[in-house]
>>> print(open('final_38.pdb').read())   # PDB, C-alpha atoms, pLDDT in the B column
ATOM      1  CA  LEU E 677       5.602   7.554  -7.894  1.00 94.00           C
ATOM      2  CA  ALA E 678       2.696   6.426  -5.721  1.00 96.00           C
ATOM      3  CA  GLU E 679      -0.411   4.394  -6.580  1.00 97.00           C
ATOM      4  CA  VAL E 680      -3.385   6.706  -6.124  1.00 96.00           C
ATOM      5  CA  ASN E 681      -5.868   4.396  -4.341  1.00 96.00           C
ATOM      6  CA  VAL E 682      -3.314   3.584  -1.643  1.00 95.00           C
ATOM      7  CA  GLN E 683      -2.627   7.294  -1.271  1.00 95.00           C
ATOM      8  CA  ARG E 684      -6.364   8.019  -0.931  1.00 94.00           C
ATOM      9  CA  LEU E 685      -7.579   5.196   1.305  1.00 95.00           C
ATOM     10  CA  PRO E 686      -6.376   4.235   4.814  1.00 95.00           C
ATOM     11  CA  PHE E 687      -4.529   0.931   4.939  1.00 95.00           C
ATOM     12  CA  ALA E 688      -2.943   1.323   8.403  1.00 95.00           C
ATOM     13  CA  ILE E 689      -3.601   3.012  11.718  1.00 94.00           C
ATOM     14  CA  LEU E 690      -1.399   5.945  12.643  1.00 92.00           C
ATOM     15  CA  THR E 691      -0.982   5.609  16.413  1.00 90.00           C
ATOM     16  CA  SER E 692       1.607   3.272  17.924  1.00 85.00           C
ATOM     17  CA  LYS E 693      -0.655   2.405  20.865  1.00 83.00           C
ATOM     18  CA  LYS E 694      -3.128   0.737  18.480  1.00 84.00           C
ATOM     19  CA  SER E 695      -0.561  -1.029  16.308  1.00 87.00           C
ATOM     20  CA  GLY E 696      -1.659  -4.649  16.009  1.00 89.00           C
ATOM     21  CA  SER E 697      -5.248  -3.740  16.915  1.00 91.00           C
ATOM     22  CA  LYS E 698      -7.949  -6.278  16.119  1.00 92.00           C
ATOM     23  CA  VAL E 699     -10.528  -3.499  15.561  1.00 93.00           C
ATOM     24  CA  PRO E 700     -11.056  -2.805  11.838  1.00 95.00           C
ATOM     25  CA  ILE E 701     -10.765   0.525  10.072  1.00 95.00           C
ATOM     26  CA  GLU E 702     -13.998   1.475   8.341  1.00 96.00           C
ATOM     27  CA  VAL E 703     -14.784   4.392   6.051  1.00 95.00           C
ATOM     28  CA  VAL E 704     -18.352   4.939   4.869  1.00 95.00           C
ATOM     29  CA  GLU E 705     -19.643   7.511   2.383  1.00 92.00           C
ATOM     30  CA  LEU E 706     -23.363   8.161   1.986  1.00 92.00           C
ATOM     31  CA  LEU E 707     -24.311  10.092  -1.156  1.00 87.00           C
ATOM     32  CA  HIS E 708     -27.712  11.302  -2.374  1.00 86.00           C
ATOM     33  CA  ARG E 709     -28.090  10.723  -6.106  1.00 80.00           C
ATOM     34  CA  GLY E 710     -31.384  11.367  -7.866  1.00 78.00           C
ATOM     35  CA  GLY E 711     -33.407  10.680  -4.749  1.00 79.00           C
ATOM     36  CA  ASP E 712     -31.523   7.470  -3.963  1.00 85.00           C
ATOM     37  CA  LEU E 713     -29.061   6.972  -1.123  1.00 87.00           C
ATOM     38  CA  GLU E 714     -25.790   5.483  -2.354  1.00 87.00           C
ATOM     39  CA  ARG E 715     -23.455   3.806   0.137  1.00 90.00           C
ATOM     40  CA  ARG E 716     -19.741   3.347  -0.489  1.00 93.00           C
ATOM     41  CA  SER E 717     -17.393   1.760   1.994  1.00 96.00           C
ATOM     42  CA  TRP E 718     -13.809   0.692   2.646  1.00 97.00           C
ATOM     43  CA  ARG E 719     -12.998  -1.706   5.459  1.00 97.00           C
ATOM     44  CA  ALA E 720      -9.557  -2.828   6.615  1.00 97.00           C
ATOM     45  CA  SER E 721     -10.020  -6.146   8.420  1.00 96.00           C
ATOM     46  CA  PRO E 722      -7.081  -7.244  10.591  1.00 95.00           C
ATOM     47  CA  ASN E 723      -5.504 -10.669  10.644  1.00 92.00           C
ATOM     48  CA  THR E 724      -6.421 -12.471  13.878  1.00 92.00           C
ATOM     49  CA  GLU E 725      -2.779 -13.308  14.630  1.00 94.00           C
ATOM     50  CA  PHE E 726      -0.937 -10.100  13.696  1.00 94.00           C
ATOM     51  CA  GLY E 727      -3.589  -7.375  13.870  1.00 95.00           C
ATOM     52  CA  LEU E 728      -3.691  -4.165  11.860  1.00 95.00           C
ATOM     53  CA  PRO E 729      -0.615  -2.486  10.378  1.00 96.00           C
ATOM     54  CA  GLY E 730       0.516   0.458  12.492  1.00 95.00           C
ATOM     55  CA  PRO E 731       2.654   3.567  11.892  1.00 94.00           C
ATOM     56  CA  SER E 732       5.863   1.655  11.187  1.00 94.00           C
ATOM     57  CA  ALA E 733       4.077  -0.583   8.655  1.00 96.00           C
ATOM     58  CA  TYR E 734       2.613   2.503   6.986  1.00 96.00           C
ATOM     59  CA  LEU E 735       6.112   3.970   6.563  1.00 95.00           C
ATOM     60  CA  LEU E 736       7.531   0.640   5.446  1.00 97.00           C
ATOM     61  CA  PHE E 737       4.988   0.164   2.662  1.00 97.00           C
ATOM     62  CA  ARG E 738       5.711   3.648   1.346  1.00 96.00           C
ATOM     63  CA  ALA E 739       9.443   2.852   1.270  1.00 97.00           C
ATOM     64  CA  LEU E 740       8.782  -0.484  -0.443  1.00 98.00           C
ATOM     65  CA  GLU E 741       6.553   1.239  -3.001  1.00 98.00           C
ATOM     66  CA  ARG E 742       9.245   3.825  -3.726  1.00 97.00           C
ATOM     67  CA  LEU E 743      11.822   1.090  -4.173  1.00 97.00           C
ATOM     68  CA  VAL E 744       9.865  -1.138  -6.560  1.00 98.00           C
ATOM     69  CA  LEU E 745       8.103   1.560  -8.596  1.00 98.00           C
ATOM     70  CA  GLY E 746      11.390   3.405  -9.017  1.00 97.00           C
ATOM     71  CA  ARG E 747      12.968   0.406 -10.717  1.00 97.00           C
ATOM     72  CA  THR E 748       9.893  -0.656 -12.721  1.00 97.00           C
ATOM     73  CA  LEU E 749       7.509   2.119 -13.821  1.00 96.00           C
ATOM     74  CA  GLY E 750      10.211   4.700 -13.177  1.00 95.00           C
ATOM     75  CA  ARG E 751      12.313   3.007 -15.855  1.00 96.00           C
ATOM     76  CA  GLY E 752       9.485   2.334 -18.273  1.00 95.00           C
ATOM     77  CA  ALA E 753       8.850  -1.294 -17.244  1.00 97.00           C
ATOM     78  CA  PRO E 754       5.634  -2.765 -15.820  1.00 97.00           C
ATOM     79  CA  LEU E 755       5.327  -3.897 -12.231  1.00 98.00           C
ATOM     80  CA  THR E 756       5.510  -7.681 -12.039  1.00 98.00           C
ATOM     81  CA  ASN E 757       5.514 -10.282  -9.272  1.00 97.00           C
ATOM     82  CA  PRO E 758       7.578 -11.147  -7.368  1.00 97.00           C
ATOM     83  CA  GLN E 759       9.798  -8.194  -6.456  1.00 98.00           C
ATOM     84  CA  THR E 760      12.985  -8.618  -4.447  1.00 98.00           C
ATOM     85  CA  PHE E 761      14.054  -6.292  -1.657  1.00 97.00           C
ATOM     86  CA  GLU E 762      16.671  -5.911   1.040  1.00 96.00           C
ATOM     87  CA  PHE E 763      15.965  -4.677   4.552  1.00 96.00           C
ATOM     88  CA  GLN E 764      19.106  -2.561   4.320  1.00 95.00           C
ATOM     89  CA  ASP E 765      17.673  -0.599   1.371  1.00 96.00           C
ATOM     90  CA  LEU E 766      14.386   0.004   3.184  1.00 96.00           C
ATOM     91  CA  SER E 767      16.226   1.102   6.324  1.00 95.00           C
ATOM     92  CA  GLN E 768      18.266   3.594   4.322  1.00 95.00           C
ATOM     93  CA  LEU E 769      15.157   5.053   2.697  1.00 94.00           C
ATOM     94  CA  LEU E 770      13.565   5.540   6.113  1.00 92.00           C
ATOM     95  CA  GLY E 771      16.741   6.811   7.798  1.00 91.00           C
ATOM     96  CA  MET E 772      16.787   3.882  10.228  1.00 89.00           C
ATOM     97  CA  ALA E 773      19.750   1.998  11.634  1.00 86.00           C
ATOM     98  CA  GLU E 774      20.183  -1.478  10.154  1.00 82.00           C
ATOM     99  CA  HIS E 775      20.075  -3.803  13.147  1.00 85.00           C
ATOM    100  CA  SER E 776      18.205  -6.923  14.201  1.00 85.00           C
ATOM    101  CA  ASP E 777      15.419  -5.183  16.168  1.00 89.00           C
ATOM    102  CA  ASN E 778      14.451  -2.964  13.236  1.00 92.00           C
ATOM    103  CA  ARG E 779      14.678  -5.893  10.842  1.00 93.00           C
ATOM    104  CA  GLU E 780      12.348  -7.992  13.005  1.00 95.00           C
ATOM    105  CA  GLN E 781       9.887  -5.104  13.227  1.00 95.00           C
ATOM    106  CA  MET E 782       9.912  -4.862   9.421  1.00 96.00           C
ATOM    107  CA  ARG E 783       9.219  -8.581   9.122  1.00 96.00           C
ATOM    108  CA  LEU E 784       6.267  -8.219  11.497  1.00 96.00           C
ATOM    109  CA  ASP E 785       4.999  -5.141   9.639  1.00 96.00           C
ATOM    110  CA  LEU E 786       5.073  -6.956   6.311  1.00 97.00           C
ATOM    111  CA  LYS E 787       3.134  -9.850   7.854  1.00 97.00           C
ATOM    112  CA  ARG E 788       0.555  -7.391   9.178  1.00 96.00           C
ATOM    113  CA  ILE E 789       0.131  -5.776   5.760  1.00 97.00           C
ATOM    114  CA  LYS E 790      -0.147  -9.176   4.105  1.00 97.00           C
ATOM    115  CA  GLY E 791      -2.635 -10.424   6.702  1.00 96.00           C
ATOM    116  CA  THR E 792      -4.966  -7.442   6.435  1.00 97.00           C
ATOM    117  CA  THR E 793      -7.782  -7.727   3.922  1.00 96.00           C
ATOM    118  CA  TYR E 794      -9.588  -4.735   2.458  1.00 97.00           C
ATOM    119  CA  ILE E 795     -13.249  -4.918   1.545  1.00 96.00           C
ATOM    120  CA  ASN E 796     -14.055  -2.330  -1.099  1.00 95.00           C
ATOM    121  CA  ARG E 797     -17.501  -1.232  -2.176  1.00 94.00           C
ATOM    122  CA  GLY E 798     -17.321   1.656  -4.597  1.00 92.00           C
ATOM    123  CA  MET E 799     -14.215   3.296  -3.103  1.00 94.00           C
ATOM    124  CA  ILE E 800     -11.462   1.949  -5.363  1.00 94.00           C
ATOM    125  CA  ARG E 801     -10.998   3.724  -8.668  1.00 92.00           C
ATOM    126  CA  LYS E 802      -9.709   1.895 -11.716  1.00 90.00           C
ATOM    127  CA  ARG E 803      -8.122   3.346 -14.811  1.00 87.00           C
ATOM    128  CA  LEU E 804      -8.787   1.421 -17.976  1.00 78.00           C
ATOM    129  CA  PRO E 805      -5.754   0.820 -20.198  1.00 69.00           C
ATOM    130  CA  ALA E 806      -5.380   3.610 -22.765  1.00 65.00           C
ATOM    131  CA  ARG E 807      -5.484   2.890 -26.463  1.00 67.00           C
ATOM    132  CA  ALA E 808      -2.268   3.288 -28.381  1.00 63.00           C
ATOM    133  CA  GLY E 809      -1.585   6.975 -28.971  1.00 63.00           C
ATOM    134  CA  ALA E 810      -4.502   8.104 -26.787  1.00 64.00           C
ATOM    135  CA  ARG E 811      -4.350   9.995 -23.515  1.00 69.00           C
ATOM    136  CA  PRO E 812      -4.894   7.940 -20.336  1.00 67.00           C
ATOM    137  CA  ALA E 813      -8.573   7.479 -19.590  1.00 69.00           C
ATOM    138  CA  ARG E 814     -10.148   8.995 -16.489  1.00 77.00           C
ATOM    139  CA  ALA E 815     -10.154   6.632 -13.517  1.00 85.00           C
ATOM    140  CA  LEU E 816     -13.602   5.106 -12.995  1.00 85.00           C
ATOM    141  CA  ARG E 817     -15.047   4.082  -9.657  1.00 82.00           C
ATOM    142  CA  SER E 818     -15.533   0.344  -9.207  1.00 79.00           C
ATOM    143  CA  GLU E 819     -19.112  -0.198  -8.054  1.00 78.00           C
ATOM    144  CA  ARG E 820     -18.985  -3.891  -7.159  1.00 81.00           C
ATOM    145  CA  GLU E 821     -17.934  -5.206  -3.766  1.00 91.00           C
ATOM    146  CA  GLU E 822     -14.594  -6.964  -3.734  1.00 94.00           C
ATOM    147  CA  VAL E 823     -11.950  -8.165  -1.300  1.00 95.00           C
ATOM    148  CA  VAL E 824      -8.438  -6.980  -2.127  1.00 96.00           C
ATOM    149  CA  SER E 825      -4.996  -7.061  -0.544  1.00 96.00           C
ATOM    150  CA  LEU E 826      -1.861  -4.972  -0.857  1.00 97.00           C
ATOM    151  CA  ILE E 827       0.513  -7.901  -0.437  1.00 98.00           C
ATOM    152  CA  GLU E 828      -0.504 -11.452  -1.342  1.00 97.00           C
ATOM    153  CA  ARG E 829       2.676 -13.317  -0.440  1.00 97.00           C
ATOM    154  CA  ILE E 830       6.015 -12.720   1.247  1.00 97.00           C
ATOM    155  CA  VAL E 831       8.959 -15.096   1.257  1.00 97.00           C
ATOM    156  CA  PHE E 832      11.986 -14.125   3.290  1.00 97.00           C
ATOM    157  CA  ARG E 833      15.530 -15.237   2.553  1.00 95.00           C
ATOM    158  CA  HIS E 834      16.141 -18.932   3.349  1.00 95.00           C
ATOM    159  CA  GLU E 835      12.410 -19.712   3.327  1.00 96.00           C
ATOM    160  CA  GLU E 836      10.749 -22.016   0.833  1.00 95.00           C
ATOM    161  CA  LEU E 837       9.404 -20.568  -2.425  1.00 93.00           C
ATOM    162  CA  PRO E 838       6.157 -21.759  -4.066  1.00 91.00           C
ATOM    163  CA  ASP E 839       8.165 -24.004  -6.417  1.00 92.00           C
ATOM    164  CA  GLY E 840       9.937 -25.692  -3.498  1.00 93.00           C
ATOM    165  CA  ALA E 841      13.267 -23.922  -3.967  1.00 94.00           C
ATOM    166  CA  VAL E 842      14.895 -21.975  -1.128  1.00 96.00           C
ATOM    167  CA  ALA E 843      14.801 -18.192  -1.505  1.00 96.00           C
ATOM    168  CA  THR E 844      18.164 -16.483  -1.774  1.00 96.00           C
ATOM    169  CA  GLN E 845      16.522 -13.026  -1.502  1.00 96.00           C
ATOM    170  CA  ASN E 846      13.506 -11.515   0.217  1.00 97.00           C
ATOM    171  CA  GLN E 847      10.581 -11.548  -2.207  1.00 98.00           C
ATOM    172  CA  VAL E 848       7.148  -9.901  -2.184  1.00 98.00           C
ATOM    173  CA  TRP E 849       4.077 -10.467  -4.362  1.00 98.00           C
ATOM    174  CA  PHE E 850       1.775  -7.444  -4.533  1.00 98.00           C
ATOM    175  CA  GLY E 851      -2.002  -7.804  -4.701  1.00 97.00           C
ATOM    176  CA  SER E 852      -3.507  -8.062  -8.176  1.00 96.00           C
ATOM    177  CA  PHE E 853      -5.594  -4.889  -7.738  1.00 94.00           C
ATOM    178  CA  TYR E 854      -2.437  -2.931  -6.872  1.00 97.00           C
ATOM    179  CA  VAL E 855      -0.426  -4.365  -9.781  1.00 97.00           C
ATOM    180  CA  ASP E 856      -3.254  -3.748 -12.259  1.00 95.00           C
ATOM    181  CA  SER E 857      -3.741  -0.187 -11.015  1.00 95.00           C
ATOM    182  CA  VAL E 858      -0.037   0.637 -11.245  1.00 96.00           C
ATOM    183  CA  ASN E 859       0.298  -0.851 -14.719  1.00 95.00           C
ATOM    184  CA  SER E 860      -2.788   1.015 -15.964  1.00 92.00           C
ATOM    185  CA  GLY E 861      -0.993   4.249 -15.064  1.00 93.00           C
ATOM    186  CA  TYR E 862      -3.060   5.162 -12.012  1.00 94.00           C
ATOM    187  CA  VAL E 863      -0.030   6.627 -10.271  1.00 95.00           C
ATOM    188  CA  LYS E 864       1.191  10.143  -9.569  1.00 94.00           C
ATOM    189  CA  PRO E 865       4.497  11.844  -8.780  1.00 94.00           C
ATOM    190  CA  PHE E 866       5.213  11.713  -5.065  1.00 94.00           C
ATOM    191  CA  ASP E 867       7.603  14.071  -3.284  1.00 95.00           C
ATOM    192  CA  TRP E 868       9.374  11.475  -1.157  1.00 94.00           C
ATOM    193  CA  ASN E 869      11.909  13.839   0.413  1.00 93.00           C
ATOM    194  CA  LEU E 870       9.250  16.302   1.567  1.00 94.00           C
ATOM    195  CA  TRP E 871       6.966  13.514   2.803  1.00 95.00           C
ATOM    196  CA  ASN E 872       9.829  11.834   4.670  1.00 92.00           C
ATOM    197  CA  SER E 873      10.868  15.124   6.286  1.00 93.00           C
ATOM    198  CA  PHE E 874       7.671  15.085   8.368  1.00 93.00           C
ATOM    199  CA  LYS E 875       8.213  13.141  11.566  1.00 89.00           C
ATOM    200  CA  ARG E 876       4.641  12.362  12.596  1.00 92.00           C
ATOM    201  CA  PRO E 877       2.613   9.743  10.690  1.00 91.00           C
ATOM    202  CA  ALA E 878      -0.515  11.931  10.917  1.00 92.00           C
ATOM    203  CA  THR E 879       1.359  14.822   9.288  1.00 95.00           C
ATOM    204  CA  ARG E 880       2.567  12.537   6.511  1.00 95.00           C
ATOM    205  CA  ARG E 881      -0.978  11.299   5.985  1.00 94.00           C
ATOM    206  CA  LEU E 882      -2.328  14.849   5.823  1.00 95.00           C
ATOM    207  CA  PHE E 883       0.334  15.654   3.230  1.00 95.00           C
ATOM    208  CA  GLU E 884      -0.801  12.700   1.099  1.00 95.00           C
ATOM    209  CA  ILE E 885      -4.439  13.832   1.176  1.00 93.00           C
ATOM    210  CA  LEU E 886      -3.605  17.471   0.406  1.00 94.00           C
ATOM    211  CA  ASP E 887      -1.190  16.378  -2.319  1.00 92.00           C
ATOM    212  CA  LEU E 888      -4.076  14.588  -4.054  1.00 91.00           C
ATOM    213  CA  ARG E 889      -6.450  17.519  -3.638  1.00 85.00           C
ATOM    214  CA  LEU E 890      -4.036  20.253  -4.717  1.00 83.00           C
ATOM    215  CA  GLY E 891      -1.723  18.368  -7.092  1.00 67.00           C
TER
END
>>> encode(input="final_38.pdb", output="structure tokens")
Amino acid sequence: LAEVNVQRLPFAILTSKKSGSKVPIEVVELLHRGGDLERRSWRASPNTEFGLPGPSAYLLFRALERLVLGRTLGRGAPLTNPQTFEFQDLSQLLGMAEHSDNREQMRLDLKRIKGTTYINRGMIRKRLPARAGARPARALRSEREEVVSLIERIVFRHEELPDGAVATQNQVWFGSFYVDSVNSGYVKPFDWNLWNSFKRPATRRLFEILDLRLG
């Protein structure tokens, strides 16, 4: 499964040379409606310390999404915070060797995703919860401007948790917009094996876009 907004909208850059860039990603749509010009936008604003997520962060988030949605929504349970994860599991999903360099890159990538804020104006779609026995409602476009995040908090093993205890596992808190969207059912089947068989991030991204258009 994959959350549809994150499949539609860019949350990372796809070239290694610009990984950690301080230049934001911005998407603008201008639409003519009834004589009026309507402007929608999506802006990924990098953290000043870590910069924008790059190709490895893009792959990592997809692996993390597969891991947590597989054991929550995939088993009929809602997505809740926090979720635990192991770097070894993420490495296996991505076909990477489990060693210290890759683990440190994953830690940096998670910090970059957490540090990036996304300013949405009319680009995010939200599905309202369906009534009991009714079919899921069509996803509606959110018209108000809002600042959202994919990851709100990360605590690695041996670090301090919000309650003062020491974490015995890596833990991640997803952004409220992402959790609400997932739990409202705004997800779709995602062919992980086919997606992961493509070696270039741009090819994977093109697959995601075409999968939405043709699926």
>>> atom_distance(input="final_38.pdb", atom1="atom CA of Glu822 of chain E", atom2="atom CA of Pro731 of chain E")
25.5 Å
>>> closest_residue(input="final_38.pdb", among="E:Val824, E:Leu677, E:Leu743, E:Val842", to="Ile789 of chain E", atoms="all atoms listed in the file")
E:Val824
>>> residues_around(input="final_38.pdb", residues="Glu884 of chain E", least_positions_apart="2", cutoff="12 Å", atoms="only C-alpha atoms", output="PyMOL selection string")
chain E and resi 678-686+738+864-868+870-872+874+877-882+886-891
>>> atom_distance(input="final_38.pdb", atom1="atom CA of Pro700 of chain E", atom2="atom CA of Gln847 of chain E")
27.2 Å
>>> resolve_selection(input="final_38.pdb", expression="the PyMOL selection byres ((chain E and resi 702) around 7)", output="list in words")
Pro700, Ile701, Val703, Val704, Trp718, Arg719 and Ala720 of chain E
>>> resolve_selection(input="final_38.pdb", expression="the PyMOL selection byres ((chain E and resi 794-803) around 9)", output="VMD selection string")
chain E and resid 680 to 681 685 687 705 715 to 722 792 to 793 804 to 806 812 to 826 853 856 to 857 860 to 862
>>> axis_aligned_box(input="final_38.pdb", around="segment 815-829 of chain E", padding_each_side="8 Å", output="lines of an AutoDock Vina configuration file")
center_x = -8.2
center_y = -3.3
center_z = -7.0
size_x = 37.8
size_y = 35.9
size_z = 29.1
>>> atom_distance(input="final_38.pdb", atom1="atom CA of Pro729 of chain E", atom2="atom CA of Phe761 of chain E")
19.4 Å
>>> residues_around(input="final_38.pdb", residues="Thr724 of chain E", least_positions_apart="3", cutoff="9 Å", atoms="all atoms listed in the file", output="VMD selection string")
chain E and resid 698 727 to 728 791
>>> resolve_selection(input="final_38.pdb", expression="the PyMOL selection byres ((chain E and resi 784-786) around 12)", output="JSON, numbers by chain")
{"E": [688, 695, 696, 723, 725, 726, 727, 728, 729, 730, 731, 732, 733, 734, 735, 736, 737, 738, 739, 740, 763, 777, 778, 779, 780, 781, 782, 783, 787, 788, 789, 790, 791, 792, 826, 827, 828, 829, 830, 831, 832, 846, 847, 848, 849, 850]}
>>> residues_around(input="final_38.pdb", residues="Ala753 of chain E", least_positions_apart="6", cutoff="12 Å", atoms="only C-alpha atoms", output="JSON, numbers by chain")
{"E": [744, 745, 746, 747, 858, 859, 860, 861]}
>>> write_last_selection(input="final_38.pdb", atoms="C-alpha atoms", output="PDB file, in the frame of the given file")
ATOM      1  CA  VAL E 744       9.865  -1.138  -6.560  1.00 98.00           C
ATOM      2  CA  LEU E 745       8.103   1.560  -8.596  1.00 98.00           C
ATOM      3  CA  GLY E 746      11.390   3.405  -9.017  1.00 97.00           C
ATOM      4  CA  ARG E 747      12.968   0.406 -10.717  1.00 97.00           C
ATOM      5  CA  VAL E 858      -0.037   0.637 -11.245  1.00 96.00           C
ATOM      6  CA  ASN E 859       0.298  -0.851 -14.719  1.00 95.00           C
ATOM      7  CA  SER E 860      -2.788   1.015 -15.964  1.00 92.00           C
ATOM      8  CA  GLY E 861      -0.993   4.249 -15.064  1.00 93.00           C
TER       9      GLY E 861
END
>>> build_atoms(input="final_38.pdb", residues="segment 744-764 of chain E", atoms="N, CA and C atoms", output="mmCIF file, in the frame of the given file")
data_model
loop_
_atom_site.group_PDB
_atom_site.id
_atom_site.type_symbol
_atom_site.label_atom_id
_atom_site.label_comp_id
_atom_site.auth_asym_id
_atom_site.auth_seq_id
_atom_site.Cartn_x
_atom_site.Cartn_y
_atom_site.Cartn_z
ATOM 1 N N VAL E 744 10.238 -0.294 -5.419
ATOM 2 C CA VAL E 744 9.865 -1.138 -6.560
ATOM 3 C C VAL E 744 9.331 -0.329 -7.739
ATOM 4 N N LEU E 745 8.591 0.770 -7.469
ATOM 5 C CA LEU E 745 8.103 1.560 -8.596
ATOM 6 C C LEU E 745 9.231 2.354 -9.237
ATOM 7 N N GLY E 746 10.247 2.704 -8.448
ATOM 8 C CA GLY E 746 11.390 3.405 -9.017
ATOM 9 C C GLY E 746 12.149 2.568 -10.019
ATOM 10 N N ARG E 747 12.194 1.257 -9.804
ATOM 11 C CA ARG E 747 12.968 0.406 -10.717
ATOM 12 C C ARG E 747 12.095 -0.297 -11.757
ATOM 13 N N THR E 748 10.779 -0.075 -11.704
ATOM 14 C CA THR E 748 9.893 -0.656 -12.721
ATOM 15 C C THR E 748 9.267 0.472 -13.546
ATOM 16 N N LEU E 749 8.166 1.040 -13.082
ATOM 17 C CA LEU E 749 7.509 2.119 -13.821
ATOM 18 C C LEU E 749 8.449 3.297 -14.048
ATOM 19 N N GLY E 750 9.281 3.581 -13.047
ATOM 20 C CA GLY E 750 10.211 4.700 -13.177
ATOM 21 C C GLY E 750 11.215 4.527 -14.296
ATOM 22 N N ARG E 751 11.381 3.300 -14.753
ATOM 23 C CA ARG E 751 12.313 3.007 -15.855
ATOM 24 C C ARG E 751 11.584 2.491 -17.087
ATOM 25 N N GLY E 752 10.265 2.705 -17.095
ATOM 26 C CA GLY E 752 9.485 2.334 -18.273
ATOM 27 C C GLY E 752 9.099 0.874 -18.356
ATOM 28 N N ALA E 753 9.203 0.125 -17.254
ATOM 29 C CA ALA E 753 8.850 -1.294 -17.244
ATOM 30 C C ALA E 753 7.628 -1.510 -16.360
ATOM 31 N N PRO E 754 6.808 -2.512 -16.655
ATOM 32 C CA PRO E 754 5.634 -2.765 -15.820
ATOM 33 C C PRO E 754 6.022 -3.386 -14.479
ATOM 34 N N LEU E 755 5.137 -3.236 -13.520
ATOM 35 C CA LEU E 755 5.327 -3.897 -12.231
ATOM 36 C C LEU E 755 4.915 -5.354 -12.370
ATOM 37 N N THR E 756 5.792 -6.249 -11.982
ATOM 38 C CA THR E 756 5.510 -7.681 -12.039
ATOM 39 C C THR E 756 5.779 -8.308 -10.669
ATOM 40 N N ASN E 757 5.258 -9.499 -10.484
ATOM 41 C CA ASN E 757 5.514 -10.282 -9.272
ATOM 42 C C ASN E 757 6.412 -11.458 -9.581
ATOM 43 N N PRO E 758 7.304 -11.829 -8.641
ATOM 44 C CA PRO E 758 7.578 -11.147 -7.368
ATOM 45 C C PRO E 758 8.617 -10.046 -7.541
ATOM 46 N N GLN E 759 8.759 -9.206 -6.512
ATOM 47 C CA GLN E 759 9.798 -8.194 -6.456
ATOM 48 C C GLN E 759 10.732 -8.525 -5.285
ATOM 49 N N THR E 760 12.022 -8.374 -5.512
ATOM 50 C CA THR E 760 12.985 -8.618 -4.447
ATOM 51 C C THR E 760 13.271 -7.331 -3.690
ATOM 52 N N PHE E 761 13.700 -7.469 -2.456
ATOM 53 C CA PHE E 761 14.054 -6.292 -1.657
ATOM 54 C C PHE E 761 15.037 -6.704 -0.575
ATOM 55 N N GLU E 762 15.750 -5.714 -0.076
ATOM 56 C CA GLU E 762 16.671 -5.911 1.040
ATOM 57 C C GLU E 762 16.258 -4.993 2.183
ATOM 58 N N PHE E 763 16.303 -5.502 3.396
ATOM 59 C CA PHE E 763 15.965 -4.677 4.552
ATOM 60 C C PHE E 763 16.911 -3.481 4.673
ATOM 61 N N GLN E 764 18.140 -3.658 4.253
ATOM 62 C CA GLN E 764 19.106 -2.561 4.320
ATOM 63 C C GLN E 764 18.654 -1.387 3.459
#
